[in-house]
Amino acid sequence: MAKNDEKPHKNEPLIGIDIGGTGIKGGIVDLKKGKLLGDRFRVPTPQPATPEAVAEAVALVVAELSARPEAPAAGSPVGVTFPGIIQHGVVHSAANVDKSWLETDIDALLTERLGRPVEVINDADAAGLAEARYGAGAGVSGTVLVITLGTGIGSAFIFDGKLVPNAELGHLEIEGFDAESKASAVARERDGLSWDEYSVLLQRYFSHVEFLFSPELFIVGGGISKRADEYLPNLKLRTPIVPAVLRNEAGIVGAALEIALQHKLAK
């Protein structure tokens, strides 16, 4: 067991926590490979998901992971994702958790509860950062846009491997509509669209984003990235577009990577 006065060294494993609307997941992340050491650990998200209740659940996950033989030093920083806009450690949106989160300093709350440094990052940003570093975007310079197609459209904007936080590209207006209201995976199911019909909407969306940002690469995540062969070949873009690789572990990996970069514990 690590002592409190031990300090983590560069690229040593760190704990990442992914707070979601239904579950809070955590794991010990190998920062060299972008993979979990051992199994991830999950507890249900408390209902209601108030700041105090979620902080207790996060502490439970961190305690379980910290008791493992491969755990990082006891005082090492912890990276956490949150499903909302985070600016300077403060929550500015809370769609899938309790509204009492709004304007909460989540960094301070979790740092005090865990007794170790904590920094929180938007969940889509974390997943995108991990995908750009260890997944389909590894080694790509310039702008990489990670777009997740799910309940809405999530996005992460990466430039030369560095995150530009809180890019909400799912809310671009296209032909008078919020893009995610027409082109998310849920919208496809709601409207009963075939893959060919859905591809037309995706073409409109990705062409617009491509025109605005001229990225080097699009990476498509979310549950339907498993069915990428049904729609990606239909898209005609200048920019290469590929499915995501890291899947469900991306948030945990990205949370650990972000705090490692902030504390200069990763290159």
# chains A, B, ... in the order shown; residues from 1 in each chain; ligands from 1
call {"tool": "select_by_dssp", "arguments": {"residues": "segment 57-224 of chain A", "states": "alpha helix (DSSP H)", "output": "PyMOL selection string"}}
result
chain A and resi 57-66+106-114+123-134+179-183+185-190+195-213
call {"tool": "residues_around", "arguments": {"residues": "segment 204-207 of chain A", "least_positions_apart": "3", "cutoff": "7 Å", "atoms": "only C-alpha atoms", "output": "short mmCIF file (atom, residue, chain, number, x, y, z; two decimals) with all heavy atoms, in the first residue's frame"}}
result
data_model
loop_
_atom_site.label_atom_id
_atom_site.label_comp_id
_atom_site.auth_asym_id
_atom_site.auth_seq_id
_atom_site.Cartn_x
_atom_site.Cartn_y
_atom_site.Cartn_z
N ALA A 179 -28.91 20.67 -34.61
CA ALA A 179 -28.43 19.49 -35.35
C ALA A 179 -28.79 18.18 -34.66
O ALA A 179 -29.24 17.23 -35.30
CB ALA A 179 -26.92 19.59 -35.56
N VAL A 200 -28.16 10.73 -45.18
CA VAL A 200 -28.41 12.04 -45.79
C VAL A 200 -28.30 13.14 -44.73
O VAL A 200 -27.68 14.19 -44.95
CB VAL A 200 -29.79 12.08 -46.48
CG1 VAL A 200 -30.13 13.49 -46.95
CG2 VAL A 200 -29.82 11.11 -47.66
N LEU A 201 -28.87 12.88 -43.55
CA LEU A 201 -28.81 13.87 -42.46
C LEU A 201 -27.39 14.01 -41.94
O LEU A 201 -26.93 15.12 -41.65
CB LEU A 201 -29.75 13.44 -41.33
CG LEU A 201 -31.23 13.42 -41.67
CD1 LEU A 201 -32.04 12.89 -40.50
CD2 LEU A 201 -31.72 14.79 -42.08
N GLU A 210 -17.37 20.29 -41.31
CA GLU A 210 -16.13 20.29 -42.09
C GLU A 210 -15.85 21.67 -42.67
O GLU A 210 -14.72 22.17 -42.62
CB GLU A 210 -16.25 19.27 -43.23
CG GLU A 210 -15.03 19.19 -44.12
CD GLU A 210 -15.22 18.17 -45.24
OE1 GLU A 210 -16.15 18.35 -46.06
OE2 GLU A 210 -14.45 17.20 -45.28
N PHE A 211 -16.89 22.33 -43.19
CA PHE A 211 -16.73 23.68 -43.75
C PHE A 211 -16.27 24.67 -42.67
O PHE A 211 -15.43 25.53 -42.92
CB PHE A 211 -18.05 24.14 -44.38
CG PHE A 211 -18.02 25.56 -44.85
CD1 PHE A 211 -17.33 25.92 -45.99
CD2 PHE A 211 -18.66 26.57 -44.12
CE1 PHE A 211 -17.29 27.24 -46.42
CE2 PHE A 211 -18.62 27.89 -44.54
CZ PHE A 211 -17.93 28.23 -45.69
N LEU A 237 -16.91 13.27 -48.00
CA LEU A 237 -16.24 14.39 -47.34
C LEU A 237 -14.79 14.46 -47.81
O LEU A 237 -14.24 13.45 -48.25
CB LEU A 237 -16.25 14.18 -45.81
CG LEU A 237 -17.62 14.05 -45.14
CD1 LEU A 237 -17.46 13.46 -43.74
CD2 LEU A 237 -18.31 15.41 -45.06
#
call {"tool": "closest_atom_pairs", "arguments": {"of": "segment 4-74 of chain A", "to": "segment 245-260 of chain A", "cutoff": "7 Å", "atoms": "only C-alpha atoms", "output": "JSON lines"}}
result
{"residue": "A:Leu14", "atom": "CA", "partner": "A:Ala256", "partner_atom": "CA", "distance": 5.8}
{"residue": "A:Ile15", "atom": "CA", "partner": "A:Ala256", "partner_atom": "CA", "distance": 5.8}
{"residue": "A:Gly16", "atom": "CA", "partner": "A:Ala256", "partner_atom": "CA", "distance": 4.4}
{"residue": "A:Ile17", "atom": "CA", "partner": "A:Ile252", "partner_atom": "CA", "distance": 5.3}
{"residue": "A:Asp18", "atom": "CA", "partner": "A:Ile252", "partner_atom": "CA", "distance": 5.3}
{"residue": "A:Gly26", "atom": "CA", "partner": "A:Ile252", "partner_atom": "CA", "distance": 6.2}
{"residue": "A:Gly27", "atom": "CA", "partner": "A:Ile252", "partner_atom": "CA", "distance": 6.5}
{"residue": "A:Val29", "atom": "CA", "partner": "A:Val253", "partner_atom": "CA", "distance": 6.0}
{"residue": "A:Leu31", "atom": "CA", "partner": "A:Leu257", "partner_atom": "CA", "distance": 6.7}
{"residue": "A:Gly34", "atom": "CA", "partner": "A:Val253", "partner_atom": "CA", "distance": 6.2}
{"residue": "A:Lys35", "atom": "CA", "partner": "A:Val253", "partner_atom": "CA", "distance": 7.0}
call {"tool": "residues_around", "arguments": {"residues": "Val144 of chain A", "least_positions_apart": "6", "cutoff": "7 Å", "atoms": "only C-alpha atoms", "output": "mmCIF file with N, CA and C atoms, in the first residue's frame"}}
result
data_model
loop_
_atom_site.group_PDB
_atom_site.id
_atom_site.type_symbol
_atom_site.label_atom_id
_atom_site.label_comp_id
_atom_site.auth_asym_id
_atom_site.auth_seq_id
_atom_site.Cartn_x
_atom_site.Cartn_y
_atom_site.Cartn_z
ATOM 1 N N PHE A 157 -13.117 18.700 -29.311
ATOM 2 C CA PHE A 157 -12.280 19.420 -30.267
ATOM 3 C C PHE A 157 -10.837 19.291 -29.781
ATOM 4 N N ILE A 158 -10.012 18.585 -30.554
ATOM 5 C CA ILE A 158 -8.613 18.361 -30.193
ATOM 6 C C ILE A 158 -7.729 19.040 -31.229
ATOM 7 N N PHE A 159 -6.738 19.804 -30.765
ATOM 8 C CA PHE A 159 -5.792 20.428 -31.690
ATOM 9 C C PHE A 159 -4.368 20.079 -31.251
ATOM 10 N N PRO A 215 -11.185 20.021 -40.367
ATOM 11 C CA PRO A 215 -10.358 19.134 -39.540
ATOM 12 C C PRO A 215 -9.499 18.189 -40.377
ATOM 13 N N GLU A 216 -8.494 17.613 -39.723
ATOM 14 C CA GLU A 216 -7.673 16.575 -40.363
ATOM 15 C C GLU A 216 -8.366 15.213 -40.300
ATOM 16 N N LEU A 217 -9.226 15.043 -39.272
ATOM 17 C CA LEU A 217 -9.850 13.740 -39.059
ATOM 18 C C LEU A 217 -11.144 13.906 -38.268
ATOM 19 N N PHE A 218 -12.181 13.156 -38.675
ATOM 20 C CA PHE A 218 -13.383 12.960 -37.862
ATOM 21 C C PHE A 218 -13.327 11.561 -37.251
#
call {"tool": "select_by_dssp", "arguments": {"residues": "segment 77-153 of chain A", "states": "strand (DSSP E)", "output": "CSV table (one decimal) with N, CA, C and O atoms, in the first residue's frame"}}
result
chain,number,residue,atom,x,y,z
A,78,VAL,N,-6.8,12.5,-8.9
A,78,VAL,CA,-7.8,11.7,-9.5
A,78,VAL,C,-8.5,12.6,-10.6
A,78,VAL,O,-8.9,13.7,-10.3
A,79,GLY,N,-8.7,12.0,-11.7
A,79,GLY,CA,-9.4,12.7,-12.8
A,79,GLY,C,-10.9,12.2,-12.8
A,79,GLY,O,-11.1,11.0,-12.6
A,80,VAL,N,-11.8,13.1,-13.1
A,80,VAL,CA,-13.2,12.8,-13.0
A,80,VAL,C,-13.9,13.4,-14.2
A,80,VAL,O,-13.6,14.5,-14.6
A,81,THR,N,-14.9,12.7,-14.8
A,81,THR,CA,-15.7,13.3,-15.9
A,81,THR,C,-17.1,13.6,-15.3
A,81,THR,O,-17.5,13.0,-14.3
A,82,PHE,N,-17.8,14.6,-15.9
A,82,PHE,CA,-19.1,15.0,-15.5
A,82,PHE,C,-20.0,15.3,-16.7
A,82,PHE,O,-19.5,15.9,-17.7
A,86,ILE,N,-18.2,22.2,-17.9
A,86,ILE,CA,-17.3,22.5,-16.7
A,86,ILE,C,-16.4,23.6,-17.1
A,86,ILE,O,-15.7,23.5,-18.1
A,87,GLN,N,-16.4,24.7,-16.3
A,87,GLN,CA,-15.5,25.8,-16.6
A,87,GLN,C,-14.8,26.2,-15.3
A,87,GLN,O,-15.5,26.5,-14.3
A,90,VAL,N,-16.2,24.6,-12.2
A,90,VAL,CA,-17.6,24.9,-11.8
A,90,VAL,C,-18.6,24.3,-12.9
A,90,VAL,O,-18.3,24.4,-14.1
A,91,VAL,N,-19.7,23.7,-12.4
A,91,VAL,CA,-20.7,23.1,-13.3
A,91,VAL,C,-21.6,24.2,-13.8
A,91,VAL,O,-22.2,24.9,-13.1
A,118,VAL,N,-8.3,16.8,-7.2
A,118,VAL,CA,-9.3,16.3,-8.2
A,118,VAL,C,-9.5,17.4,-9.2
A,118,VAL,O,-9.7,18.5,-8.8
A,119,GLU,N,-9.6,17.0,-10.5
A,119,GLU,CA,-10.0,17.9,-11.5
A,119,GLU,C,-11.0,17.2,-12.4
A,119,GLU,O,-10.9,16.1,-12.7
A,120,VAL,N,-12.1,18.0,-12.7
A,120,VAL,CA,-13.2,17.4,-13.5
A,120,VAL,C,-13.3,18.0,-14.9
A,120,VAL,O,-13.0,19.2,-15.1
A,121,ILE,N,-13.6,17.1,-15.8
A,121,ILE,CA,-13.7,17.5,-17.2
A,121,ILE,C,-15.0,17.0,-17.8
A,121,ILE,O,-15.6,16.0,-17.3
A,122,ASN,N,-15.5,17.7,-18.8
A,122,ASN,CA,-16.8,17.2,-19.4
A,122,ASN,C,-16.6,15.8,-20.0
A,122,ASN,O,-15.5,15.5,-20.5
A,143,THR,N,-6.3,19.6,-36.3
A,143,THR,CA,-7.6,19.5,-35.7
A,143,THR,C,-8.2,18.1,-35.8
A,143,THR,O,-8.4,17.6,-37.0
A,144,VAL,N,-8.5,17.4,-34.7
A,144,VAL,CA,-9.3,16.2,-34.7
A,144,VAL,C,-10.6,16.4,-34.0
A,144,VAL,O,-10.6,16.9,-32.9
A,145,LEU,N,-11.7,16.1,-34.7
A,145,LEU,CA,-13.0,16.3,-34.1
A,145,LEU,C,-13.6,14.9,-33.8
A,145,LEU,O,-13.8,14.1,-34.7
A,146,VAL,N,-13.9,14.7,-32.5
A,146,VAL,CA,-14.5,13.4,-32.1
A,146,VAL,C,-16.0,13.7,-31.9
A,146,VAL,O,-16.4,14.5,-31.0
A,147,ILE,N,-16.9,13.1,-32.6
A,147,ILE,CA,-18.3,13.3,-32.6
A,147,ILE,C,-19.0,12.0,-32.1
A,147,ILE,O,-18.8,11.0,-32.7
A,148,THR,N,-19.8,12.1,-31.0
A,148,THR,CA,-20.5,10.9,-30.6
A,148,THR,C,-22.0,11.1,-30.9
A,148,THR,O,-22.6,12.1,-30.6
A,149,LEU,N,-22.5,10.0,-31.5
A,149,LEU,CA,-23.9,10.0,-31.9
A,149,LEU,C,-24.7,9.1,-30.9
A,149,LEU,O,-24.5,7.9,-30.9
A,153,ILE,N,-25.8,14.8,-29.7
A,153,ILE,CA,-24.6,14.7,-30.4
A,153,ILE,C,-23.5,15.3,-29.5
A,153,ILE,O,-23.6,16.5,-29.3
call {"tool": "closest_residue", "arguments": {"among": "A:Trp195, A:Lys10, A:Leu202, A:Ala130", "to": "Asp229 of chain A", "atoms": "only C-alpha atoms"}}
result
A:Trp195
call {"tool": "residues_around", "arguments": {"residues": "segment 223-228 of chain A", "least_positions_apart": "2", "cutoff": "10 Å", "atoms": "only C-alpha atoms", "output": "PDB file with all heavy atoms, in the first residue's frame"}}
result
ATOM      1  N   THR A 148     -19.801  12.129 -31.050  1.00  0.00           N
ATOM      2  CA  THR A 148     -20.517  10.946 -30.552  1.00  0.00           C
ATOM      3  C   THR A 148     -21.997  11.065 -30.895  1.00  0.00           C
ATOM      4  O   THR A 148     -22.629  12.085 -30.615  1.00  0.00           O
ATOM      5  CB  THR A 148     -20.338  10.778 -29.034  1.00  0.00           C
ATOM      6  OG1 THR A 148     -20.762  11.973 -28.369  1.00  0.00           O
ATOM      7  CG2 THR A 148     -18.886  10.518 -28.687  1.00  0.00           C
ATOM      8  N   LEU A 149     -22.527  10.017 -31.504  1.00  0.00           N
ATOM      9  CA  LEU A 149     -23.936   9.976 -31.908  1.00  0.00           C
ATOM     10  C   LEU A 149     -24.680   9.083 -30.928  1.00  0.00           C
ATOM     11  O   LEU A 149     -24.487   7.866 -30.912  1.00  0.00           O
ATOM     12  CB  LEU A 149     -24.050   9.432 -33.335  1.00  0.00           C
ATOM     13  CG  LEU A 149     -23.258  10.194 -34.408  1.00  0.00           C
ATOM     14  CD1 LEU A 149     -23.294   9.443 -35.736  1.00  0.00           C
ATOM     15  CD2 LEU A 149     -23.808  11.615 -34.571  1.00  0.00           C
ATOM     16  N   GLY A 150     -25.507   9.692 -30.084  1.00  0.00           N
ATOM     17  CA  GLY A 150     -26.245   8.939 -29.074  1.00  0.00           C
ATOM     18  C   GLY A 150     -27.569   9.612 -28.807  1.00  0.00           C
ATOM     19  O   GLY A 150     -28.309   9.939 -29.734  1.00  0.00           O
ATOM     20  N   THR A 151     -27.878   9.839 -27.514  1.00  0.00           N
ATOM     21  CA  THR A 151     -29.103  10.555 -27.148  1.00  0.00           C
ATOM     22  C   THR A 151     -29.103  11.936 -27.789  1.00  0.00           C
ATOM     23  O   THR A 151     -30.131  12.428 -28.256  1.00  0.00           O
ATOM     24  CB  THR A 151     -29.196  10.697 -25.617  1.00  0.00           C
ATOM     25  OG1 THR A 151     -29.059   9.405 -25.036  1.00  0.00           O
ATOM     26  CG2 THR A 151     -30.512  11.306 -25.204  1.00  0.00           C
ATOM     27  N   SER A 184     -29.028  12.864 -34.338  1.00  0.00           N
ATOM     28  CA  SER A 184     -28.517  11.960 -33.292  1.00  0.00           C
ATOM     29  C   SER A 184     -29.007  10.535 -33.563  1.00  0.00           C
ATOM     30  O   SER A 184     -29.913  10.313 -34.370  1.00  0.00           O
ATOM     31  CB  SER A 184     -29.005  12.420 -31.918  1.00  0.00           C
ATOM     32  OG  SER A 184     -30.410  12.252 -31.815  1.00  0.00           O
ATOM     33  N   ALA A 185     -28.413   9.578 -32.864  1.00  0.00           N
ATOM     34  CA  ALA A 185     -28.836   8.175 -33.017  1.00  0.00           C
ATOM     35  C   ALA A 185     -30.278   7.999 -32.538  1.00  0.00           C
ATOM     36  O   ALA A 185     -31.063   7.255 -33.134  1.00  0.00           O
ATOM     37  CB  ALA A 185     -27.900   7.264 -32.233  1.00  0.00           C
ATOM     38  N   VAL A 186     -30.640   8.686 -31.455  1.00  0.00           N
ATOM     39  CA  VAL A 186     -32.003   8.597 -30.930  1.00  0.00           C
ATOM     40  C   VAL A 186     -32.997   9.171 -31.937  1.00  0.00           C
ATOM     41  O   VAL A 186     -34.095   8.631 -32.122  1.00  0.00           O
ATOM     42  CB  VAL A 186     -32.102   9.328 -29.567  1.00  0.00           C
ATOM     43  CG1 VAL A 186     -33.546   9.648 -29.208  1.00  0.00           C
ATOM     44  CG2 VAL A 186     -31.461   8.477 -28.476  1.00  0.00           C
ATOM     45  N   TRP A 195     -30.861   3.387 -42.777  1.00  0.00           N
ATOM     46  CA  TRP A 195     -29.477   3.876 -42.729  1.00  0.00           C
ATOM     47  C   TRP A 195     -29.202   4.843 -43.885  1.00  0.00           C
ATOM     48  O   TRP A 195     -28.482   5.831 -43.715  1.00  0.00           O
ATOM     49  CB  TRP A 195     -28.496   2.708 -42.757  1.00  0.00           C
ATOM     50  CG  TRP A 195     -28.497   1.934 -41.477  1.00  0.00           C
ATOM     51  CD1 TRP A 195     -28.975   0.671 -41.273  1.00  0.00           C
ATOM     52  CD2 TRP A 195     -28.011   2.387 -40.207  1.00  0.00           C
ATOM     53  NE1 TRP A 195     -28.817   0.308 -39.958  1.00  0.00           N
ATOM     54  CE2 TRP A 195     -28.224   1.331 -39.278  1.00  0.00           C
ATOM     55  CE3 TRP A 195     -27.425   3.563 -39.747  1.00  0.00           C
ATOM     56  CZ2 TRP A 195     -27.870   1.422 -37.929  1.00  0.00           C
ATOM     57  CZ3 TRP A 195     -27.061   3.663 -38.403  1.00  0.00           C
ATOM     58  CH2 TRP A 195     -27.292   2.613 -37.516  1.00  0.00           C
ATOM     59  N   ILE A 219     -13.629  11.471 -35.953  1.00  0.00           N
ATOM     60  CA  ILE A 219     -13.784  10.175 -35.292  1.00  0.00           C
ATOM     61  C   ILE A 219     -15.217  10.101 -34.775  1.00  0.00           C
ATOM     62  O   ILE A 219     -15.679  11.007 -34.078  1.00  0.00           O
ATOM     63  CB  ILE A 219     -12.805  10.014 -34.117  1.00  0.00           C
ATOM     64  CG1 ILE A 219     -11.362  10.133 -34.611  1.00  0.00           C
ATOM     65  CG2 ILE A 219     -13.017   8.674 -33.417  1.00  0.00           C
ATOM     66  CD1 ILE A 219     -10.318  10.153 -33.502  1.00  0.00           C
ATOM     67  N   VAL A 220     -15.928   9.040 -35.131  1.00  0.00           N
ATOM     68  CA  VAL A 220     -17.337   8.903 -34.753  1.00  0.00           C
ATOM     69  C   VAL A 220     -17.475   7.871 -33.639  1.00  0.00           C
ATOM     70  O   VAL A 220     -17.089   6.706 -33.792  1.00  0.00           O
ATOM     71  CB  VAL A 220     -18.197   8.490 -35.962  1.00  0.00           C
ATOM     72  CG1 VAL A 220     -19.656   8.346 -35.547  1.00  0.00           C
ATOM     73  CG2 VAL A 220     -18.072   9.522 -37.074  1.00  0.00           C
ATOM     74  N   GLY A 221     -18.010   8.318 -32.483  1.00  0.00           N
ATOM     75  CA  GLY A 221     -18.233   7.425 -31.353  1.00  0.00           C
ATOM     76  C   GLY A 221     -19.713   7.282 -31.051  1.00  0.00           C
ATOM     77  O   GLY A 221     -20.570   7.658 -31.858  1.00  0.00           O
ATOM     78  N   GLU A 230     -22.644   0.800 -41.896  1.00  0.00           N
ATOM     79  CA  GLU A 230     -23.974   1.047 -42.464  1.00  0.00           C
ATOM     80  C   GLU A 230     -24.130   2.474 -42.989  1.00  0.00           C
ATOM     81  O   GLU A 230     -25.026   2.759 -43.780  1.00  0.00           O
ATOM     82  CB  GLU A 230     -25.062   0.814 -41.393  1.00  0.00           C
ATOM     83  CG  GLU A 230     -25.055  -0.559 -40.776  1.00  0.00           C
ATOM     84  CD  GLU A 230     -25.852  -1.562 -41.584  1.00  0.00           C
ATOM     85  OE1 GLU A 230     -26.254  -1.228 -42.719  1.00  0.00           O
ATOM     86  OE2 GLU A 230     -26.066  -2.683 -41.074  1.00  0.00           O
ATOM     87  N   TYR A 231     -23.289   3.401 -42.509  1.00  0.00           N
ATOM     88  CA  TYR A 231     -23.484   4.794 -42.909  1.00  0.00           C
ATOM     89  C   TYR A 231     -22.204   5.538 -43.290  1.00  0.00           C
ATOM     90  O   TYR A 231     -22.238   6.391 -44.176  1.00  0.00           O
ATOM     91  CB  TYR A 231     -24.235   5.581 -41.818  1.00  0.00           C
ATOM     92  CG  TYR A 231     -23.597   5.543 -40.457  1.00  0.00           C
ATOM     93  CD1 TYR A 231     -22.664   6.494 -40.060  1.00  0.00           C
ATOM     94  CD2 TYR A 231     -23.938   4.552 -39.536  1.00  0.00           C
ATOM     95  CE1 TYR A 231     -22.079   6.459 -38.799  1.00  0.00           C
ATOM     96  CE2 TYR A 231     -23.361   4.510 -38.273  1.00  0.00           C
ATOM     97  CZ  TYR A 231     -22.437   5.459 -37.913  1.00  0.00           C
ATOM     98  OH  TYR A 231     -21.849   5.412 -36.677  1.00  0.00           O
ATOM     99  N   LEU A 232     -21.059   5.219 -42.682  1.00  0.00           N
ATOM    100  CA  LEU A 232     -19.847   5.979 -43.019  1.00  0.00           C
ATOM    101  C   LEU A 232     -19.470   5.880 -44.496  1.00  0.00           C
ATOM    102  O   LEU A 232     -19.061   6.889 -45.092  1.00  0.00           O
ATOM    103  CB  LEU A 232     -18.669   5.541 -42.146  1.00  0.00           C
ATOM    104  CG  LEU A 232     -18.684   5.976 -40.674  1.00  0.00           C
ATOM    105  CD1 LEU A 232     -17.330   5.726 -40.024  1.00  0.00           C
ATOM    106  CD2 LEU A 232     -19.085   7.429 -40.505  1.00  0.00           C
ATOM    107  N   PRO A 233     -19.602   4.710 -45.136  1.00  0.00           N
ATOM    108  CA  PRO A 233     -19.245   4.653 -46.567  1.00  0.00           C
ATOM    109  C   PRO A 233     -20.123   5.544 -47.445  1.00  0.00           C
ATOM    110  O   PRO A 233     -19.739   5.877 -48.575  1.00  0.00           O
ATOM    111  CB  PRO A 233     -19.446   3.173 -46.929  1.00  0.00           C
ATOM    112  CG  PRO A 233     -19.334   2.443 -45.629  1.00  0.00           C
ATOM    113  CD  PRO A 233     -19.924   3.368 -44.610  1.00  0.00           C
ATOM    114  N   VAL A 242     -13.636   8.034 -39.409  1.00  0.00           N
ATOM    115  CA  VAL A 242     -13.426   6.655 -38.949  1.00  0.00           C
ATOM    116  C   VAL A 242     -14.182   6.432 -37.633  1.00  0.00           C
ATOM    117  O   VAL A 242     -14.455   7.380 -36.897  1.00  0.00           O
ATOM    118  CB  VAL A 242     -11.922   6.357 -38.738  1.00  0.00           C
ATOM    119  CG1 VAL A 242     -11.145   6.479 -40.034  1.00  0.00           C
ATOM    120  CG2 VAL A 242     -11.330   7.257 -37.658  1.00  0.00           C
ATOM    121  N   PRO A 243     -14.510   5.170 -37.316  1.00  0.00           N
ATOM    122  CA  PRO A 243     -15.170   4.894 -36.036  1.00  0.00           C
ATOM    123  C   PRO A 243     -14.194   4.954 -34.860  1.00  0.00           C
ATOM    124  O   PRO A 243     -12.988   4.727 -35.025  1.00  0.00           O
ATOM    125  CB  PRO A 243     -15.727   3.479 -36.213  1.00  0.00           C
ATOM    126  CG  PRO A 243     -14.965   2.869 -37.331  1.00  0.00           C
ATOM    127  CD  PRO A 243     -14.442   3.981 -38.181  1.00  0.00           C
ATOM    128  N   ALA A 244     -14.725   5.256 -33.682  1.00  0.00           N
ATOM    129  CA  ALA A 244     -13.922   5.282 -32.446  1.00  0.00           C
ATOM    130  C   ALA A 244     -13.475   3.873 -32.077  1.00  0.00           C
ATOM    131  O   ALA A 244     -14.066   2.881 -32.499  1.00  0.00           O
ATOM    132  CB  ALA A 244     -14.739   5.903 -31.322  1.00  0.00           C
ATOM    133  N   VAL A 245     -12.431   3.798 -31.267  1.00  0.00           N
ATOM    134  CA  VAL A 245     -11.818   2.519 -30.902  1.00  0.00           C
ATOM    135  C   VAL A 245     -12.045   2.158 -29.432  1.00  0.00           C
ATOM    136  O   VAL A 245     -12.272   0.994 -29.104  1.00  0.00           O
ATOM    137  CB  VAL A 245     -10.290   2.571 -31.190  1.00  0.00           C
ATOM    138  CG1 VAL A 245      -9.592   1.328 -30.671  1.00  0.00           C
ATOM    139  CG2 VAL A 245     -10.033   2.750 -32.675  1.00  0.00           C
ATOM    140  N   ARG A 247     -14.362   2.799 -27.084  1.00  0.00           N
ATOM    141  CA  ARG A 247     -15.680   2.416 -26.577  1.00  0.00           C
ATOM    142  C   ARG A 247     -15.942   2.907 -25.154  1.00  0.00           C
ATOM    143  O   ARG A 247     -15.684   4.026 -24.808  1.00  0.00           O
ATOM    144  CB  ARG A 247     -15.861   0.890 -26.641  1.00  0.00           C
ATOM    145  CG  ARG A 247     -15.532   0.302 -27.993  1.00  0.00           C
ATOM    146  CD  ARG A 247     -16.723   0.283 -28.921  1.00  0.00           C
ATOM    147  NE  ARG A 247     -16.418  -0.427 -30.127  1.00  0.00           N
ATOM    148  CZ  ARG A 247     -16.798  -0.006 -31.328  1.00  0.00           C
ATOM    149  NH1 ARG A 247     -17.450   1.114 -31.449  1.00  0.00           N
ATOM    150  NH2 ARG A 247     -16.514  -0.710 -32.385  1.00  0.00           N
ATOM    151  N   ASN A 248     -16.419   1.960 -24.286  1.00  0.00           N
ATOM    152  CA  ASN A 248     -16.918   2.338 -22.955  1.00  0.00           C
ATOM    153  C   ASN A 248     -15.844   2.762 -21.966  1.00  0.00           C
ATOM    154  O   ASN A 248     -16.167   3.296 -20.908  1.00  0.00           O
ATOM    155  CB  ASN A 248     -17.715   1.176 -22.351  1.00  0.00           C
ATOM    156  CG  ASN A 248     -19.018   0.938 -23.097  1.00  0.00           C
ATOM    157  OD1 ASN A 248     -19.576   1.860 -23.673  1.00  0.00           O
ATOM    158  ND2 ASN A 248     -19.485  -0.291 -23.102  1.00  0.00           N
TER     159      ASN A 248
END
call {"tool": "closest_residue", "arguments": {"among": "A:Ile19, A:Val209, A:Leu235, A:Val62", "to": "Gly115 of chain A", "atoms": "only C-alpha atoms"}}
result
A:Val62
call {"tool": "closest_residue", "arguments": {"among": "A:Gly89, A:Gly152, A:Pro165, A:Pro77", "to": "Asp105 of chain A", "atoms": "only C-alpha atoms"}}
result
A:Gly89
call {"tool": "atom_distance", "arguments": {"atom1": "atom CA of Val43 of chain A", "atom2": "atom CA of Tyr134 of chain A"}}
result
26.1 Å
call {"tool": "residues_around", "arguments": {"residues": "Trp101 of chain A", "least_positions_apart": "6", "cutoff": "8 Å", "atoms": "only C-alpha atoms", "output": "number ranges by chain"}}
result
A: 50-51, 91, 93-94
call {"tool": "write_last_selection", "arguments": {"atoms": "C-alpha atoms", "output": "JSON list (two decimals), in the first residue's frame"}}
result
[["chain", "number", "residue", "atom", "x", "y", "z"],
["A", 50, "THR", "CA", -27.24, 15.60, -5.65],
["A", 51, "PRO", "CA", -23.65, 16.87, -5.24],
["A", 91, "VAL", "CA", -20.69, 23.09, -13.29],
["A", 93, "SER", "CA", -25.14, 22.63, -17.11],
["A", 94, "ALA", "CA", -26.70, 19.49, -15.63]]
call {"tool": "residues_around", "arguments": {"residues": "Arg188 of chain A", "least_positions_apart": "6", "cutoff": "8 Å", "atoms": "only C-alpha atoms", "output": "PDB file with N, CA, C and O atoms, in the first residue's frame"}}
result
ATOM      1  N   LYS A 182     -32.138  16.269 -35.122  1.00  0.00           N
ATOM      2  CA  LYS A 182     -32.411  15.540 -36.369  1.00  0.00           C
ATOM      3  C   LYS A 182     -31.402  14.428 -36.648  1.00  0.00           C
ATOM      4  O   LYS A 182     -31.741  13.423 -37.278  1.00  0.00           O
ATOM      5  N   SER A 194     -34.225   4.705 -42.277  1.00  0.00           N
ATOM      6  CA  SER A 194     -33.284   3.680 -42.746  1.00  0.00           C
ATOM      7  C   SER A 194     -31.877   4.256 -42.656  1.00  0.00           C
ATOM      8  O   SER A 194     -31.686   5.460 -42.489  1.00  0.00           O
ATOM      9  N   TYR A 198     -30.783   8.131 -42.974  1.00  0.00           N
ATOM     10  CA  TYR A 198     -29.995   8.737 -41.885  1.00  0.00           C
ATOM     11  C   TYR A 198     -28.681   9.304 -42.423  1.00  0.00           C
ATOM     12  O   TYR A 198     -28.220  10.370 -41.995  1.00  0.00           O
TER      13      TYR A 198
END
call {"tool": "atom_distance", "arguments": {"atom1": "atom CA of Leu169 of chain A", "atom2": "atom CA of Gly23 of chain A"}}
result
24.9 Å
